[in-house]
Amino acid sequence: MKVTRRQFVKGGVAAFTVTYAAPEFLCDIARAQGAHSRNLVVLYLSGGNDALSMLVPYNDAAYYSRRLNLAVPSGSVLQVGADSSGKALGLHPRLTGLRQIFFDGRLALIQRTGYPNQSRSHFQGTDIWSTADPGNSSGLGWVGRYLDSMPSPVDPLVGWNTTGNLPRVLQSNHVSVPAIPSASGYAFASPNPAGSAEAAAERATAVRISSHVPINRPELAFVYGSSQAALATIDRVAAVGTYSGTVTYPNNNGFAQALKAVAGAMVRSIGTKIFYVTTGGFDTHSGQNVNAANGTYVNLMATLNDALLAFYTDLQNQGLLNDTLVLSFSEFGRRITENGSQGTDHGAGSVMFALGGRVRGGLYGTAPSLNPDPSNPTLENGGADVRFETDFRSVYARVADEWLGVDSRTILAGDFRAGAPAFL
């Protein structure tokens, strides 16, 4: 029975103060699923990443004429070859680790991703990319719909959200994904010392209370069920908190620390298959500064590069790289021409990337011509923005069909397989 918001608020909030607990058999279910299931790490670059600074068309004269202050010099880019249209491309110079992964054949760069009539709103844009539904961006997340499709019983730790709030991409009807920003902070809350007899008694009491499911109070049944699921995850998450890794993850990089927890969850085989991570600051309207040692965009690329390289190397050392796929998205790209504040405003087509041991690395799609002529077919909005070439839903379709093993037409409520880049 579906519990409405009104029912939950009326009868469930007080019950939610009960400390979480669950039967041991739920933990056994998770362990029985095995260590080597496929993992999907959804990476959100918050704010709208500037694709033209990340993947630079360094031989396009219009790139330099339209970005007098923000262009990456051609001699500085990390060349990665030419796409199928013959356009020479290079990564931002701070992405040395990603270039290494690219030449390992394990990084796919998917150019000009987007959708028709792309939103320039942060909120709506993020919701559209999260739901994979431009017509109903307030619906369930596309990953959430995948979670709903999983056969019961679903492990309460099948998903791990490394942020404090549930992102729309994970929203589902039936599967709750816990928010765990810190593995060490995810613990049984008690005023008594951890490990004391009093704390143990409190936990045992919570188990008994939350194991009672009142059939005539669906809102309490929902809360108690959530409580059971939550405590079932505590001991397993604690094991992740002690993970040190085979490499050093940068301590001053919150994104890197989130990926360290993700790696720990995989190594400890706690049953999680879906992970959500994010790194922000990409809304670069002013002072974008793509070249200075401590420039805003340089630091963004440093955060991204150093975290992903550590994660990639760690999983490779642990023998888990082939079981892992990282898929990135951002709510939109940015305008081609720099603005008067030496930044870039909200645009359209962007770049996605996929990273993992089974990824067919390379350049997918074609780079735009940045000639501002309004008749330029690779641009839109009077030549101001990059026109999308690859529907982002076709990228999701490839992931659903080839990685998650489900029918993408069901998950995406449509057939987007045509034109899907073959990075898997």
# chains A, B, ... in the order shown; residues from 1 in each chain; ligands from 1
$ select_by_dssp --residues "segment 113-172 of chain A" --states "alpha helix (DSSP H)" --output "PyMOL selection string"
chain A and resi 122-131+142-149
$ residues_around --residues "Asn322 of chain A" --least-positions-apart "5" --cutoff "10 Å" --atoms "only C-alpha atoms" --output "JSON, numbers by chain"
{"A": [36, 38, 39, 106, 315, 316, 356, 357, 358, 359]}
$ closest_residue --among "A:Val42, A:Val406, A:Val247, A:Ile336" --to "Ala62 of chain A" --atoms "only C-alpha atoms"
A:Ile336
$ closest_atom_pairs --of "segment 135-195 of chain A" --to "segment 373-397 of chain A" --cutoff "12 Å" --atoms "only C-alpha atoms" --output "JSON lines"
{"residue": "A:Gly141", "atom": "CA", "partner": "A:Tyr396", "partner_atom": "CA", "distance": 11.8}
{"residue": "A:Trp142", "atom": "CA", "partner": "A:Tyr396", "partner_atom": "CA", "distance": 8.5}
{"residue": "A:Val143", "atom": "CA", "partner": "A:Tyr396", "partner_atom": "CA", "distance": 9.4}
{"residue": "A:Tyr146", "atom": "CA", "partner": "A:Tyr396", "partner_atom": "CA", "distance": 11.2}
{"residue": "A:Val169", "atom": "CA", "partner": "A:Tyr396", "partner_atom": "CA", "distance": 11.9}
$ residues_around --residues "Tyr249 of chain A" --least-positions-apart "5" --cutoff "9 Å" --atoms "only C-alpha atoms" --output "list in words"
Ser244, Ala256, Gln257, Leu259, Lys260, Asp306, Ala307, Ala310 and Phe311 of chain A
$ write_last_selection --atoms "C-alpha atoms" --output "tab-separated table (two decimals), in the first residue's frame"
chain	number	residue	atom	x	y	z
A	244	SER	CA	42.59	2.52	3.52
A	256	ALA	CA	38.22	11.79	-3.74
A	257	GLN	CA	37.17	10.78	-0.25
A	259	LEU	CA	35.28	7.69	-4.21
A	260	LYS	CA	37.48	6.09	-1.56
A	306	ASP	CA	43.17	13.42	-8.95
A	307	ALA	CA	40.12	11.69	-7.49
A	310	ALA	CA	43.22	7.37	-7.49
A	311	PHE	CA	39.91	5.50	-7.80
$ residues_around --residues "segment 118-135 of chain A" --least-positions-apart "3" --cutoff "7 Å" --atoms "only C-alpha atoms" --output "MDAnalysis selection string"
chainID A and resid 47 114:115 138:142 168:169 331:332 346:348 393 412
$ write_last_selection --atoms "all heavy atoms" --output "short mmCIF file (atom, residue, chain, number, x, y, z; two decimals), in the first residue's frame"
data_model
loop_
_atom_site.label_atom_id
_atom_site.label_comp_id
_atom_site.auth_asym_id
_atom_site.auth_seq_id
_atom_site.Cartn_x
_atom_site.Cartn_y
_atom_site.Cartn_z
N GLY A 47 26.53 22.18 -11.72
CA GLY A 47 26.67 23.57 -12.11
C GLY A 47 26.69 23.82 -13.60
O GLY A 47 26.48 24.94 -14.06
N GLY A 114 23.01 15.90 -25.27
CA GLY A 114 21.93 16.80 -24.86
C GLY A 114 20.60 16.29 -25.34
O GLY A 114 20.40 15.08 -25.51
N TYR A 115 19.68 17.22 -25.64
CA TYR A 115 18.33 16.85 -26.07
C TYR A 115 17.71 18.07 -26.73
O TYR A 115 18.21 19.20 -26.56
CB TYR A 115 17.49 16.39 -24.88
CG TYR A 115 17.46 17.35 -23.71
CD1 TYR A 115 16.45 18.32 -23.60
CD2 TYR A 115 18.44 17.32 -22.72
CE1 TYR A 115 16.43 19.22 -22.53
CE2 TYR A 115 18.43 18.21 -21.66
CZ TYR A 115 17.42 19.15 -21.58
OH TYR A 115 17.40 20.04 -20.53
N SER A 138 9.69 15.97 -13.18
CA SER A 138 9.39 15.80 -11.75
C SER A 138 9.12 14.35 -11.40
O SER A 138 8.71 14.04 -10.29
CB SER A 138 8.18 16.65 -11.35
OG SER A 138 7.02 16.25 -12.06
N GLY A 139 9.37 13.44 -12.34
CA GLY A 139 9.11 12.02 -12.11
C GLY A 139 10.24 11.33 -11.38
O GLY A 139 11.12 11.95 -10.78
N LEU A 140 10.23 10.02 -11.45
CA LEU A 140 11.24 9.20 -10.79
C LEU A 140 12.55 9.26 -11.57
O LEU A 140 12.57 9.50 -12.77
CB LEU A 140 10.77 7.75 -10.68
CG LEU A 140 9.48 7.51 -9.90
CD1 LEU A 140 9.10 6.03 -9.97
CD2 LEU A 140 9.63 7.96 -8.45
N GLY A 141 13.65 9.00 -10.89
CA GLY A 141 14.95 8.98 -11.54
C GLY A 141 15.09 7.75 -12.43
O GLY A 141 14.49 6.71 -12.17
N TRP A 142 15.90 7.88 -13.46
CA TRP A 142 16.07 6.72 -14.35
C TRP A 142 16.78 5.57 -13.63
O TRP A 142 16.44 4.40 -13.85
CB TRP A 142 16.79 7.12 -15.64
CG TRP A 142 18.26 7.34 -15.54
CD1 TRP A 142 18.90 8.48 -15.17
CD2 TRP A 142 19.30 6.39 -15.83
NE1 TRP A 142 20.27 8.32 -15.21
CE2 TRP A 142 20.55 7.04 -15.61
CE3 TRP A 142 19.31 5.06 -16.27
CZ2 TRP A 142 21.77 6.41 -15.81
CZ3 TRP A 142 20.55 4.43 -16.46
CH2 TRP A 142 21.75 5.10 -16.23
N ARG A 168 17.49 13.31 -7.37
CA ARG A 168 16.34 12.81 -8.13
C ARG A 168 16.69 11.56 -8.94
O ARG A 168 15.85 10.68 -9.13
CB ARG A 168 15.79 13.89 -9.07
CG ARG A 168 14.52 13.45 -9.79
CD ARG A 168 13.85 14.57 -10.52
NE ARG A 168 13.30 15.57 -9.62
CZ ARG A 168 12.13 15.45 -8.98
NH1 ARG A 168 11.41 14.35 -9.13
NH2 ARG A 168 11.71 16.40 -8.18
N VAL A 169 17.91 11.45 -9.39
CA VAL A 169 18.27 10.31 -10.23
C VAL A 169 18.07 8.98 -9.50
O VAL A 169 17.84 7.94 -10.13
CB VAL A 169 19.73 10.45 -10.72
CG1 VAL A 169 20.74 10.27 -9.59
CG2 VAL A 169 20.02 9.49 -11.86
N GLU A 331 24.20 19.29 -16.03
CA GLU A 331 22.88 19.72 -16.48
C GLU A 331 22.86 20.43 -17.82
O GLU A 331 21.83 20.48 -18.49
CB GLU A 331 22.19 20.59 -15.42
CG GLU A 331 22.91 21.86 -15.04
CD GLU A 331 23.73 21.72 -13.78
OE1 GLU A 331 24.43 20.71 -13.63
OE2 GLU A 331 23.66 22.61 -12.93
N PHE A 332 23.96 21.01 -18.24
CA PHE A 332 24.08 21.62 -19.56
C PHE A 332 25.54 21.97 -19.80
O PHE A 332 26.37 21.91 -18.88
CB PHE A 332 23.21 22.89 -19.72
CG PHE A 332 23.19 23.81 -18.52
CD1 PHE A 332 24.32 24.50 -18.11
CD2 PHE A 332 22.02 24.01 -17.80
CE1 PHE A 332 24.30 25.35 -17.01
CE2 PHE A 332 21.98 24.85 -16.70
CZ PHE A 332 23.13 25.53 -16.31
N HIS A 346 25.15 29.90 -19.19
CA HIS A 346 24.49 28.62 -19.43
C HIS A 346 24.32 28.38 -20.92
O HIS A 346 23.85 29.25 -21.66
CB HIS A 346 23.12 28.58 -18.76
CG HIS A 346 23.19 28.76 -17.28
ND1 HIS A 346 22.05 28.79 -16.49
CD2 HIS A 346 24.24 28.93 -16.43
CE1 HIS A 346 22.42 28.96 -15.22
NE2 HIS A 346 23.74 29.05 -15.16
N GLY A 347 24.67 27.17 -21.36
CA GLY A 347 24.58 26.83 -22.77
C GLY A 347 23.75 25.59 -23.01
O GLY A 347 22.75 25.35 -22.32
N ALA A 348 24.17 24.78 -23.97
CA ALA A 348 23.36 23.63 -24.36
C ALA A 348 24.22 22.36 -24.36
O ALA A 348 24.51 21.80 -23.32
CB ALA A 348 22.71 23.87 -25.72
N ARG A 393 19.83 10.29 -23.64
CA ARG A 393 19.09 9.08 -23.30
C ARG A 393 19.61 7.86 -24.04
O ARG A 393 19.46 6.72 -23.55
CB ARG A 393 17.60 9.29 -23.57
CG ARG A 393 16.97 10.30 -22.60
CD ARG A 393 15.61 10.77 -23.08
NE ARG A 393 15.73 11.61 -24.28
CZ ARG A 393 14.71 12.25 -24.83
NH1 ARG A 393 13.50 12.16 -24.29
NH2 ARG A 393 14.89 12.98 -25.92
N LEU A 412 13.56 3.61 -19.64
CA LEU A 412 13.52 4.97 -20.17
C LEU A 412 12.18 5.33 -20.79
O LEU A 412 12.02 6.44 -21.30
CB LEU A 412 14.63 5.15 -21.21
CG LEU A 412 16.06 4.89 -20.69
CD1 LEU A 412 17.06 5.01 -21.84
CD2 LEU A 412 16.41 5.86 -19.57
#
$ closest_residue --among "A:Phe423, A:Phe255, A:Tyr63, A:Phe329" --to "Gly365 of chain A" --atoms "only C-alpha atoms"
A:Phe423
$ closest_residue --among "A:Leu170, A:Ala422, A:Leu68, A:Ala108" --to "Val351 of chain A" --atoms "only C-alpha atoms"
A:Ala108
$ closest_residue --among "A:Leu320, A:Leu78, A:Leu70, A:Val267" --to "Arg335 of chain A" --atoms "only C-alpha atoms"
A:Leu70
$ closest_residue --among "A:Met352, A:Ala258, A:Val175, A:Ala263" --to "Thr246 of chain A" --atoms "only C-alpha atoms"
A:Ala263
$ closest_residue --among "A:Ala367, A:Leu231, A:Ala239, A:Ile274" --to "Ala51 of chain A" --atoms "only C-alpha atoms"
A:Ala367
$ residues_around --residues "segment 299-303 of chain A" --least-positions-apart "2" --cutoff "8 Å" --atoms "only C-alpha atoms" --output "list in words"
Met54, His92, Arg94, Leu95, Asn253, Phe255, Ala256, Gly281, Phe282, Asn294, Gly295, Thr296, Tyr297, Asn305, Asp306 and Ala307 of chain A
$ atom_distance --atom1 "atom CA of Ala261 of chain A" --atom2 "atom CA of Phe103 of chain A"
26.3 Å
$ atom_distance --atom1 "atom CA of Gly185 of chain A" --atom2 "atom CA of Ser37 of chain A"
26.3 Å
$ residues_around --residues "Leu98 of chain A" --least-positions-apart "2" --cutoff "8 Å" --atoms "only C-alpha atoms" --output "PyMOL selection string"
chain A and resi 95-96+100-102+107+305+308-309
$ select_by_dssp --residues "segment 200-361 of chain A" --states "strand (DSSP E)" --output "PyMOL selection string"
chain A and resi 274-279+324-329+350-356
